[in-house]
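File shown here: my_file_24.txt, holding compact mmCIF, C-alpha atoms.
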```
# COMPACT_ATOMS: atom_id res chain seq x y z
CA MET A 1 -145.48 23.00 4.24
CA THR A 2 -146.27 20.76 7.22
CA ASP A 3 -148.48 21.04 10.28
CA ALA A 4 -145.48 21.82 12.51
CA PRO A 5 -146.52 24.44 15.11
CA ASP A 6 -143.99 27.03 13.91
CA GLU A 7 -145.21 26.67 10.33
CA ILE A 8 -148.84 27.01 11.39
CA SER A 9 -148.04 30.31 13.11
CA VAL A 10 -145.93 31.70 10.24
CA ARG A 11 -148.64 30.75 7.75
CA ALA A 12 -151.23 32.56 9.88
CA ILE A 13 -149.01 35.67 10.03
CA TYR A 14 -148.58 35.53 6.26
CA ASP A 15 -152.36 35.39 5.77
CA GLU A 16 -152.79 38.33 8.12
CA MET A 17 -150.15 40.31 6.24
CA GLN A 18 -151.98 39.79 2.96
CA ARG A 19 -155.25 40.89 4.53
CA ILE A 20 -153.85 43.94 6.31
CA LYS A 21 -151.73 45.13 3.39
CA VAL A 22 -154.94 45.85 1.48
CA GLY A 23 -155.61 48.70 3.93
CA VAL A 24 -151.97 49.58 4.69
CA PRO A 25 -150.24 48.84 1.37
CA SER A 26 -146.97 50.60 2.24
CA SER A 27 -146.33 48.42 5.32
CA ARG A 28 -143.32 46.10 5.13
CA TRP A 29 -143.25 42.89 7.13
CA TYR A 30 -140.26 41.02 8.54
CA LEU A 31 -139.55 37.99 10.72
CA PHE A 32 -136.47 38.00 12.89
CA GLY A 33 -134.99 36.06 15.81
CA SER A 34 -135.23 32.31 16.39
CA ILE A 35 -138.15 31.74 14.01
CA THR A 36 -135.75 32.47 11.11
CA THR A 37 -133.24 29.88 12.37
CA THR A 38 -133.37 26.10 12.66
CA GLN A 39 -133.69 26.31 16.46
CA ARG A 40 -136.84 24.53 17.62
CA PRO A 41 -139.00 24.88 19.57
CA VAL A 42 -139.11 28.67 19.44
CA GLY A 43 -139.87 30.69 22.56
CA ASP A 44 -141.70 33.35 20.58
CA ILE A 45 -142.22 34.66 17.08
CA ASP A 46 -140.52 37.99 16.43
CA LEU A 47 -142.38 40.13 13.92
CA LEU A 48 -141.39 43.61 12.73
CA VAL A 49 -143.78 45.74 10.70
CA VAL A 50 -142.44 49.01 9.32
CA CYS A 51 -145.29 51.47 8.72
CA LYS A 52 -145.14 54.84 7.01
CA THR A 53 -146.94 56.72 9.78
CA THR A 54 -147.78 56.43 13.45
CA ALA A 55 -151.44 56.09 12.45
CA ASP A 56 -150.54 53.11 10.23
CA CYS A 57 -148.67 51.57 13.19
CA GLU A 58 -151.82 51.89 15.29
CA THR A 59 -153.96 50.35 12.54
CA VAL A 60 -151.63 47.38 12.11
CA ARG A 61 -151.44 46.79 15.88
CA ALA A 62 -155.24 46.80 16.10
CA GLU A 63 -155.63 44.49 13.08
CA LEU A 64 -153.10 42.03 14.51
CA ALA A 65 -154.75 41.90 17.95
CA SER A 66 -156.54 38.63 17.30
CA ILE A 67 -153.54 36.68 15.97
CA CYS A 68 -151.40 38.12 18.77
CA GLU A 69 -153.80 36.49 21.24
CA ARG A 70 -153.41 33.14 19.51
CA PHE A 71 -149.63 32.91 19.20
CA PRO A 72 -146.70 34.31 21.23
CA ILE A 73 -145.90 37.03 18.71
CA HIS A 74 -143.40 39.69 19.79
CA LEU A 75 -144.69 42.55 17.68
CA LEU A 76 -142.41 45.45 16.89
CA LEU A 77 -143.86 48.38 14.96
CA MET A 78 -141.55 51.06 13.64
CA THR A 79 -141.81 54.02 11.35
CA PRO A 80 -139.17 54.16 8.58
CA SER A 81 -137.30 56.89 10.47
CA GLU A 82 -137.11 54.77 13.62
CA GLU A 83 -135.91 51.79 11.61
CA ALA A 84 -133.30 53.92 9.83
CA GLU A 85 -132.10 55.30 13.15
CA VAL A 86 -131.39 51.91 14.69
CA LYS A 87 -130.84 49.89 11.46
CA PHE A 88 -132.93 47.14 12.97
CA ILE A 89 -133.46 45.07 9.81
CA GLN A 90 -129.74 44.90 9.14
CA SER A 91 -128.63 44.33 12.73
CA GLU A 92 -131.18 41.55 13.33
CA SER A 93 -130.82 40.01 9.86
CA ALA A 94 -134.58 40.31 9.57
CA VAL A 95 -136.20 38.37 6.73
CA GLU A 96 -138.86 40.18 4.71
CA LEU A 97 -142.21 38.48 4.15
CA THR A 98 -143.29 39.14 0.59
CA PRO A 99 -146.88 38.80 -0.62
CA MET B 1 -158.77 36.39 11.39
CA ALA B 2 -161.16 33.77 12.63
CA LYS B 3 -161.73 33.54 16.37
CA PHE B 4 -159.71 30.74 17.89
CA THR B 5 -160.63 28.36 20.67
CA PRO B 6 -158.67 27.58 23.87
CA ALA B 7 -158.34 24.00 22.59
CA GLU B 8 -156.55 25.23 19.44
CA THR B 9 -154.15 27.33 21.48
CA ILE B 10 -153.33 24.58 23.95
CA GLY B 11 -152.90 22.21 21.00
CA TRP B 12 -150.35 24.58 19.49
CA VAL B 13 -148.50 24.86 22.82
CA ALA B 14 -148.51 21.08 23.29
CA GLY B 15 -147.22 20.57 19.75
CA ASN B 16 -144.29 22.89 20.41
CA LEU B 17 -143.44 21.38 23.80
CA LYS B 18 -143.33 17.90 22.22
CA THR B 19 -140.44 19.03 20.03
CA ALA B 20 -138.28 20.01 23.04
CA ASP B 21 -135.30 17.72 23.73
CA GLN B 22 -136.04 16.84 27.35
CA VAL B 23 -139.78 16.26 26.87
CA SER B 24 -140.98 12.68 26.50
CA LYS B 25 -144.76 13.19 26.53
CA VAL B 26 -147.34 16.00 26.64
CA GLU B 27 -150.91 15.16 27.72
CA MET B 28 -153.90 17.50 27.48
CA LEU B 29 -155.73 17.03 30.78
CA SER B 30 -158.37 19.63 29.90
CA ASP B 31 -158.73 22.48 27.42
CA GLN B 32 -156.52 24.60 29.70
CA VAL B 33 -154.23 22.12 31.44
CA LEU B 34 -151.23 20.11 30.21
CA ARG B 35 -149.07 17.50 31.90
CA VAL B 36 -145.50 17.57 30.59
CA SER B 37 -143.35 14.46 31.14
CA ARG B 38 -139.60 15.05 31.17
CA SER B 39 -136.63 12.76 30.86
CA LYS B 40 -134.70 14.38 33.71
CA TYR B 41 -137.35 15.25 36.33
CA ASP B 42 -140.89 14.35 37.36
CA PRO B 43 -143.73 15.58 35.14
CA PHE B 44 -145.11 19.07 35.75
CA VAL B 45 -148.62 20.43 35.27
CA ALA B 46 -149.12 23.69 33.38
CA GLY B 47 -152.22 25.84 33.14
CA ILE B 48 -152.56 27.73 29.85
CA VAL B 49 -154.34 31.02 29.37
CA SER B 50 -154.47 33.08 26.21
CA THR B 51 -155.60 36.62 26.76
CA LYS B 52 -154.41 40.21 26.32
CA CYS B 53 -154.80 40.87 30.03
CA VAL B 54 -154.57 38.12 32.64
CA ARG B 55 -156.97 38.96 35.44
CA TYR B 56 -157.88 37.37 38.78
CA ASP B 57 -160.86 35.61 37.17
CA ASP B 58 -158.64 33.99 34.49
CA VAL B 59 -156.37 32.49 37.13
CA GLY B 60 -159.06 31.37 39.59
CA PRO B 61 -160.23 28.21 37.75
CA LEU B 62 -156.62 27.06 37.29
CA VAL B 63 -155.81 27.62 40.96
CA GLU B 64 -158.82 25.48 41.86
CA SER B 65 -158.11 22.84 39.20
CA VAL B 66 -158.02 19.25 40.45
CA PHE B 67 -154.90 18.61 38.38
CA GLY B 68 -152.56 20.52 40.69
CA VAL B 69 -151.32 23.26 38.37
CA GLU B 70 -147.70 24.25 39.13
CA ILE B 71 -147.23 27.04 36.58
CA ILE B 72 -149.64 29.22 34.62
CA ALA B 73 -148.44 30.48 31.27
CA ASN B 74 -150.12 33.14 29.16
CA VAL B 75 -149.50 32.56 25.46
CA PRO B 76 -149.68 36.07 23.91
CA LYS B 77 -146.51 38.17 24.16
CA GLU B 78 -148.58 41.27 23.56
CA SER B 79 -150.24 41.01 26.95
CA TYR B 80 -149.87 41.74 30.62
CA TRP B 81 -150.79 40.32 34.03
CA THR B 82 -152.70 42.35 36.57
CA GLY B 83 -151.38 42.52 40.11
CA GLY B 84 -154.45 40.65 41.38
CA ALA B 85 -153.83 37.69 39.04
CA LEU B 86 -150.15 37.53 40.00
CA LYS B 87 -150.98 37.66 43.71
CA LEU B 88 -153.60 34.91 43.46
CA ALA B 89 -151.13 32.59 41.74
CA HIS B 90 -148.30 33.51 44.12
CA ASP B 91 -150.49 32.98 47.22
CA ASN B 92 -151.25 29.48 45.93
CA ASP B 93 -147.60 28.64 45.28
CA ILE B 94 -148.10 28.63 41.51
CA ALA B 95 -145.45 30.12 39.23
CA THR B 96 -146.48 32.52 36.46
CA GLY B 97 -144.96 33.31 33.11
CA ALA B 98 -145.25 33.35 29.36
CA TYR B 99 -145.32 30.51 26.85
CA GLY B 100 -141.51 30.72 26.50
CA ASP B 101 -141.17 30.13 30.23
CA LEU B 102 -142.69 26.66 29.78
CA LEU B 103 -139.61 25.82 27.72
CA ARG B 104 -137.38 27.18 30.52
CA VAL B 105 -138.98 25.15 33.32
CA ILE B 106 -138.48 21.88 31.45
CA ASN B 107 -135.00 21.88 32.96
CA LEU B 108 -136.09 23.02 36.40
CA GLN B 109 -136.82 20.46 39.13
CA ASP B 110 -139.06 22.72 41.22
CA VAL B 111 -141.38 24.35 38.70
CA ARG B 112 -143.36 26.18 41.39
CA ALA B 113 -140.21 28.11 42.35
CA PHE B 114 -139.74 29.51 38.85
CA GLN B 115 -139.49 33.26 38.46
CA PRO B 116 -138.60 35.00 35.19
CA ARG B 117 -134.96 36.15 35.26
CA GLU B 118 -135.94 39.73 34.53
CA THR B 119 -138.33 39.87 37.50
CA GLN B 120 -135.63 38.41 39.76
CA PHE B 121 -133.17 41.03 38.53
CA VAL B 122 -135.53 43.97 38.96
CA GLU B 123 -136.84 42.97 42.39
CA ARG B 124 -133.40 42.15 43.77
CA GLY B 125 -132.18 45.59 42.62
CA LEU B 126 -135.14 47.30 44.30
CA ARG B 127 -134.73 45.29 47.53
CA GLN B 128 -131.04 46.14 47.77
CA HIS B 129 -131.41 49.89 47.15
CA ASP B 130 -130.71 51.91 50.33
CA CYS B 131 -133.26 54.61 49.50
CA ILE B 132 -136.15 52.20 48.78
CA SER B 133 -138.23 51.31 51.83
CA SER B 134 -140.69 49.04 50.00
CA PHE B 135 -142.21 48.36 46.62
CA GLU B 136 -145.44 46.94 45.25
CA ARG B 137 -145.84 45.09 41.96
CA VAL B 138 -149.01 46.82 40.78
CA HIS B 139 -149.07 44.89 37.48
CA ASP B 140 -146.45 42.64 35.87
CA ARG B 141 -144.21 45.51 34.70
CA LEU B 142 -145.54 48.34 36.84
CA TYR B 143 -144.04 49.00 40.27
CA ARG B 144 -144.96 51.53 42.94
CA ILE B 145 -141.79 52.35 44.84
CA SER B 146 -141.79 53.89 48.32
CA ARG B 147 -138.65 55.80 49.25
CA ASN B 148 -137.17 57.02 52.52
CA GLY B 149 -138.11 60.71 52.88
CA LEU B 150 -139.05 61.12 49.20
CA PRO B 151 -142.35 60.80 47.27
CA ASP B 152 -143.37 57.46 45.79
CA LEU B 153 -142.41 56.65 42.21
CA THR B 154 -144.55 54.72 39.72
CA VAL B 155 -142.26 52.97 37.29
CA ALA B 156 -142.84 50.83 34.18
CA MET B 157 -140.04 48.29 33.73
CA LEU B 158 -139.87 47.53 30.02
CA ASN B 159 -137.55 44.85 28.74
CA GLU B 160 -137.00 46.37 25.32
CA TYR B 161 -134.00 46.13 23.05
CA GLU B 162 -135.38 49.04 21.04
CA LEU B 163 -137.97 51.05 22.91
CA THR B 164 -140.11 52.53 20.12
CA ALA B 165 -142.83 55.16 20.35
CA ASP B 166 -145.40 52.42 19.71
CA ARG B 167 -144.14 50.30 22.64
CA LEU B 168 -144.26 53.32 24.92
CA ARG B 169 -147.82 54.19 23.90
CA THR B 170 -148.84 50.55 24.36
CA ALA B 171 -147.40 50.62 27.91
CA ARG B 172 -149.41 53.75 28.67
CA ASP B 173 -152.60 52.12 27.35
CA ARG B 174 -151.99 49.04 29.50
CA TYR B 175 -150.75 50.51 32.75
CA GLY B 176 -152.17 54.03 32.88
CA HIS B 177 -150.07 56.61 34.69
CA PHE B 178 -146.37 56.18 35.36
CA SER B 179 -143.67 58.81 35.65
CA LEU B 180 -140.62 56.72 34.74
CA VAL B 181 -139.84 54.05 32.19
CA VAL B 182 -136.84 51.87 32.89
CA ILE B 183 -135.32 49.89 30.02
CA THR B 184 -134.24 46.69 31.75
CA ASP B 185 -132.47 45.14 28.75
CA PRO B 186 -128.78 45.95 29.43
CA ASN B 187 -128.23 46.50 25.70
CA GLY B 188 -131.51 48.36 25.21
CA GLY B 189 -132.12 51.91 24.11
CA ALA B 190 -134.90 54.25 23.04
CA THR B 191 -135.50 55.66 19.58
CA ASN B 192 -135.74 59.43 19.12
CA SER B 193 -139.47 59.02 18.43
CA ALA B 194 -139.87 57.22 21.76
CA GLU B 195 -138.05 60.07 23.52
CA GLU B 196 -140.36 62.59 21.83
CA ALA B 197 -143.44 60.56 22.80
CA ALA B 198 -142.14 60.34 26.38
CA GLN B 199 -141.72 64.09 26.53
CA ILE B 200 -145.33 64.60 25.46
CA MET B 201 -146.46 62.10 28.12
CA GLY B 202 -144.29 63.70 30.80
CA VAL B 203 -142.36 60.49 31.29
CA GLU B 204 -138.62 60.00 31.83
CA ILE B 205 -136.89 57.11 30.07
CA LEU B 206 -133.87 55.68 31.87
CA LYS B 207 -131.63 52.65 31.67
CA TRP B 208 -131.18 50.51 34.78
CA GLY B 209 -127.98 52.12 36.13
CA PRO B 210 -129.15 55.74 35.82
CA PHE B 211 -132.52 54.68 37.30
CA LEU B 212 -130.80 53.49 40.49
CA GLY B 213 -129.23 56.94 40.77
CA ARG B 214 -132.54 58.67 39.95
CA VAL B 215 -134.20 56.90 42.90
CA ASN B 216 -132.10 59.08 45.25
CA LYS B 217 -133.49 62.30 43.80
CA LYS B 218 -136.85 64.01 44.13
```
Rewritten as structure tokens:
Amino acid sequence: MTDAPDEISVRAIYDEMQRIKVGVPSSRWYLFGSITTTQRPVGDIDLLVVCKTTADCETVRAELASICERFPIHLLLMTPSEEAEVKFIQSESAVELTP
Amino acid sequence: MAKFTPAETIGWVAGNLKTADQVSKVEMLSDQVLRVSRSKYDPFVAGIVSTKCVRYDDVGPLVESVFGVEIIANVPKESYWTGGALKLAHDNDIATGAYGDLLRVINLQDVRAFQPRETQFVERGLRQHDCISSFERVHDRLYRISRNGLPDLTVAMLNEYELTADRLRTARDRYGHFSLVVITDPNGGATNSAEEAAQIMGVEILKWGPFLGRVNKK
């Protein structure tokens, strides 16, 4: 780990995931887009969170509000049925963040 | 999540800009203003804001800044600009955009003339439509469209690859009432859940081409 800007933001997202997963344990977190490649600098940080219910989506969005003000995070929240419908994880080669 | 300071945010932006190929130096002139030196063109001055909603009062100090701000960028993606903030910047010949737009203007000689590609595309399409007499950019993605002999339309232009129910609800929270959502990403679509949410809201979701046809109808 370094103090490179992209690493600072990913580390902050990781910390937020660990905090929020306590309240929404079934949520699954993924990075996709340029942050998962070697392209630098990145124009934004694409984050997908798959939540079991619409209510969980709303909770995660609210909990992420502060970090979304700090970094240019493109936040995508989907229920499992929405993700299955568009196969987003597969089509975007999204990389799961694991606790 | 600890509260962050403007200095931390501008430090993060400066750190990223320094890694861009055509950038030779990034100076922090204040806790909201950067000067970016480029190898190809003269330096440009950027004002940085970091807020969920960019209002007139956020833009005012940057417009009046002694450093001669040429572009104002708002860092959060999950955010929007009010019409008043956009107008204030525009009236003072200052470009507006997101953090990613700072990377785009590095290779642009006249930074003040910058306009996001999507905005150019949308507004050119509206200007060239025979049935549209005028339009007003109420907020960054919300347009009020006046038509010849037909009622006005209030339209949210969302640049989504996958328009989800959550994104639609977020747009409603931000912009209030609108009767149409247009997906401006040419490869974009809406999930079934988004369509269901739209039905409950009484909103139509259209892609760009069908929207141009819809403008001709009541």
Distance-based interface of chain A with chain B, 6 Å, counting only C-alpha atoms, as a PyMOL selection string: chain A and resi 5+41+43+68-69+71-74
Exercise: Thr37 in chain A partners within 12 Å, all atoms listed in the file, chain neighbours under 3 positions left out, as a VMD selection string: chain A and resid 6 31 to 34 40 to 42 45 to 46 92 to 95
Around all listed atoms of range 183-191 of chain B, padded 5 Å per side, what centre and edge lengths does the axis-aligned box have in Å to one decimal, as AutoDock Vina command-line options?
```
--center_x -131.9 --center_y 50.4 --center_z 25.7 --size_x 17.3 --size_y 20.5 --size_z 22.2
```
Residue neighbourhood Met17 in chain A, 8 Å, only C-alpha atoms, exclusion window fewer than 4 positions, as a list in words: Ile13, Lys21, Trp29 and Pro99 of chain A
Selected residue, from B:Ser179, B:Leu158, B:Val215, B:Gln32, that lies nearest to Ser133 in chain B when counting all atoms listed in the file: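 The shortest atom-to-atom distance to Ser133 in chain B comes from B:Val215.
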Shell of 10 Å around Gln18 in chain A, only C-alpha atoms, local chain residues under 4 positions omitted, as a VMD selection string: chain A and resid 13 to 14 22 to 25 97 to 99
